[in-house]
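Engineer: Can you keep this structure in mind? I'll have questions shortly.
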Amino acid sequence: MTPSPEDIDARSLFARLPSVDRLLALPELQASQARHGLLALTEALRRLLEAARSEIREHARLPDWLDSPEHLAERIDAALAARQRVALAPVYNLSGTVLHTNLGRATLAEEAVVAVAAAMREPVALEYDLDSAGRGHRDRVIGELLSELTGAEAACVVNNNAAAVLILLSTVAAGREVVVSRGELVEIGGAFRMPDVMRQAGCRLVEVGATNRTHLKDYRQAIGPDTALLMKAHTSNYAIEGFTSSVAEAQLVGLAREHDLPVATDLGSGALIDLARYGLPAEPMPQQMIAAGVDLVSFSGDKLLGGPQAGLIIGRKVWIDRILQHPLKRALRCDKMTLAALEATLRLYLEPESLPERLPTLRKLTRTAAQMQALAERLRPVLADWTGDAAAVTIEPCLSQIGSGSLPVERLPSVALTLIPTDGRGATLEGLAERLRRLPTPVIGRLKDGRLWLDLRCLEDAAGFGAQLRS
């Protein structure tokens with residue numbers, strides 16, 4: 001078959017593409033090779049040539065870099081730099097959600113950052129007992145700190161709170177019944193539901209009461225010969241209002257003791273301090289549950305506690321010892337970086353007077369309106385210069401939320417900078433939001449009511465934020 005003129009043209013274009021070896025010999029690429037290495041540079045050139053072949057096939061044209069070694073070097077440098085760019089890059093969280101799950105929840109105290117860096121750089125006594133020169137347990141220090149802070153007999157740690165509930169149930173009630181109020185069968189992030197966790201733990205769920213009202217007699221009537229555990233789950237990510245009733249932990253403990261059964265509570269967020277002391281909405285505290293006689297309490301490390309992602313379990317030593325011996329414990333254990341960050345965070349609680357300054361989560365939650373107003377006034381002209389004629393910049397009161405399921409109906413008075421597109425078009429507003437996300441340190445706000453809201457509650461690096469708008 002005689003080739004078509006288009007095939008002949010394409011062949012001639014393909015023939016003009018240089019080989020990888022020829023490109024590697026270009027003086028303009030020697031700096032890239034020195035920075036990134038021969039293998040990375042070779043692979044980048046192969047990808048670039050494959051893209052050029054696709055351009056010839058689809059558009060019958062040569063790439064624009066072919067006759068410009070300088071342009072080629074710029075393309076290659078950019079491609080190699082992009083492959084090394086860290087995906088977990090810092091952002092400015094101006095969304096109005098303090099513990100934003102998609103942005104990593106709690107930011108850690110400087111003491112925790114230093115502890116993690118040290119654990120990464122050097123060997124640490126992770127499972128080594130310095131006193132006996134024998135093997136120790138990696139949970140020992142965390143367990144001792146949690147016991148001191150909560151009054152629990154013992155404690156242990158796993159990699160998140162869902163894991164804590166899973167191993168707790170697997171240890172205490174595998175193959176048997178767990179009694180839970182219907183109103184507490186919560187669904188947490190990622191459509192992860194409490195009944196699903198129970199099934200994975202090998203338990204049989206026994207629902208009692210109604211969605212809005214559960215009484216002590218409901219638990220009493222559900223107890224049978226196969227009952228292994230009475231359980232409560234704090235509804236930290238939703239609220240039922242109106243005609244409601246629930247059973248307090250102390251009441252449930254009294255019933256459980258009559259039948260020689262344990263009681264467990266999943267607190268979810270789990271604040272180790274009384275938030276009401278700082279003018280914040282109260283949240284159930286693990287130490288309150290221990291004082292009420294609850295046998296096992298689970299809660300998160302990266303929510304109101306202000307530490308790294310972890311699931312903490314405190315309670316009676318007999319049950320904690322069994323959890324530590326469970327086969328799942330090794331699969332769910334924390335690494336040395338998490339333990340280092342958690343230990344440093346918990347030690348801050350030993351000096352509670354300085355917590356509002358040293359613990360970032362509490363510092364952000366207790367920020368005053370006057371502080372945020374002053375910050376807004378300082379940044380408004382900078383942001384106005386950056387937006388130019390595209391938007392008007394105003395200072396507005398707003399409401400922040402704690403986030404990550406903590407106190408879902410509570411809001412904290414805050415102050416925001418808002419961007420209102422001068423042409424009134426939603427596309428312009430979305431474009432401004434995208435421009436902010438493309439800054440060297442991306443800025444995350446929220447779109448609402450025809451405005452882009454930049455809530456200033458979590459903005460601590462005002463100088464860096466302003467500098468990148470000016471550049």
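Note on naming: chains are A, B, ... as they come in the structure tokens, residues start from 1 per chain, ligands start from 1 in the order shown.
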Would you list, as an MDAnalysis selection string, the residues of stretch 402-431 of chain A that end up in strand (DSSP E or B) under DSSP run on this structure's backbone?
Structural biologist: chainID A and resid 403 406 412:421
Engineer: I need the residues in stretch 78-138 of chain A that are alpha helix (DSSP H) according to DSSP; give them as a PyMOL selection string.
Structural biologist: chain A and resi 78-84+110-121
Engineer: Which polymer residues have any atom within 12 Å of an atom of A:Arg446, counting only C-alpha atoms, with same-chain residues fewer than 4 positions away left out, as a PyMOL selection string?
Structural biologist: chain A and resi 93-97+398+400+416-419+429-430+432-434+436-437+450-456
Engineer: List the spatial neighbours of stretch 36-47 of chain A as number ranges by chain - criterion: any atom at most 10 Å away, only C-alpha atoms, same-chain residues fewer than 2 positions off excluded.
Structural biologist: A: 19-21, 23-24, 29-34, 49-53, 72, 75-77, 79-81, 83-84
Engineer: Residues near A:Thr107, anyone? I mean within 7 Å using only C-alpha atoms, not counting same-chain ones fewer than 2 positions away, as an MDAnalysis selection string.
Structural biologist: chainID A and resid 105 109 306 360:361
Engineer: Which distance in Å separates atom CA of A:Val165 and atom CA of A:Leu185, to one decimal?
Structural biologist: 12.8 Å
Engineer: I'd like the contact shell of A:Leu346 - 9 Å cut-off, only C-alpha atoms, skipping same-chain residues fewer than 2 positions apart - returned as a VMD selection string.
Structural biologist: chain A and resid 142 145 to 146 149 305 307 341 to 344 348 to 350
Engineer: Might you pull out every residue within 12 Å of A:Asp295, with only C-alpha atoms counted and same-chain residues fewer than 5 positions away left off, and present them as a PyMOL selection string?
Structural biologist: chain A and resi 152-155+168+172+229-232+249-250+252-254+256-257+260-266+286-290+313-320
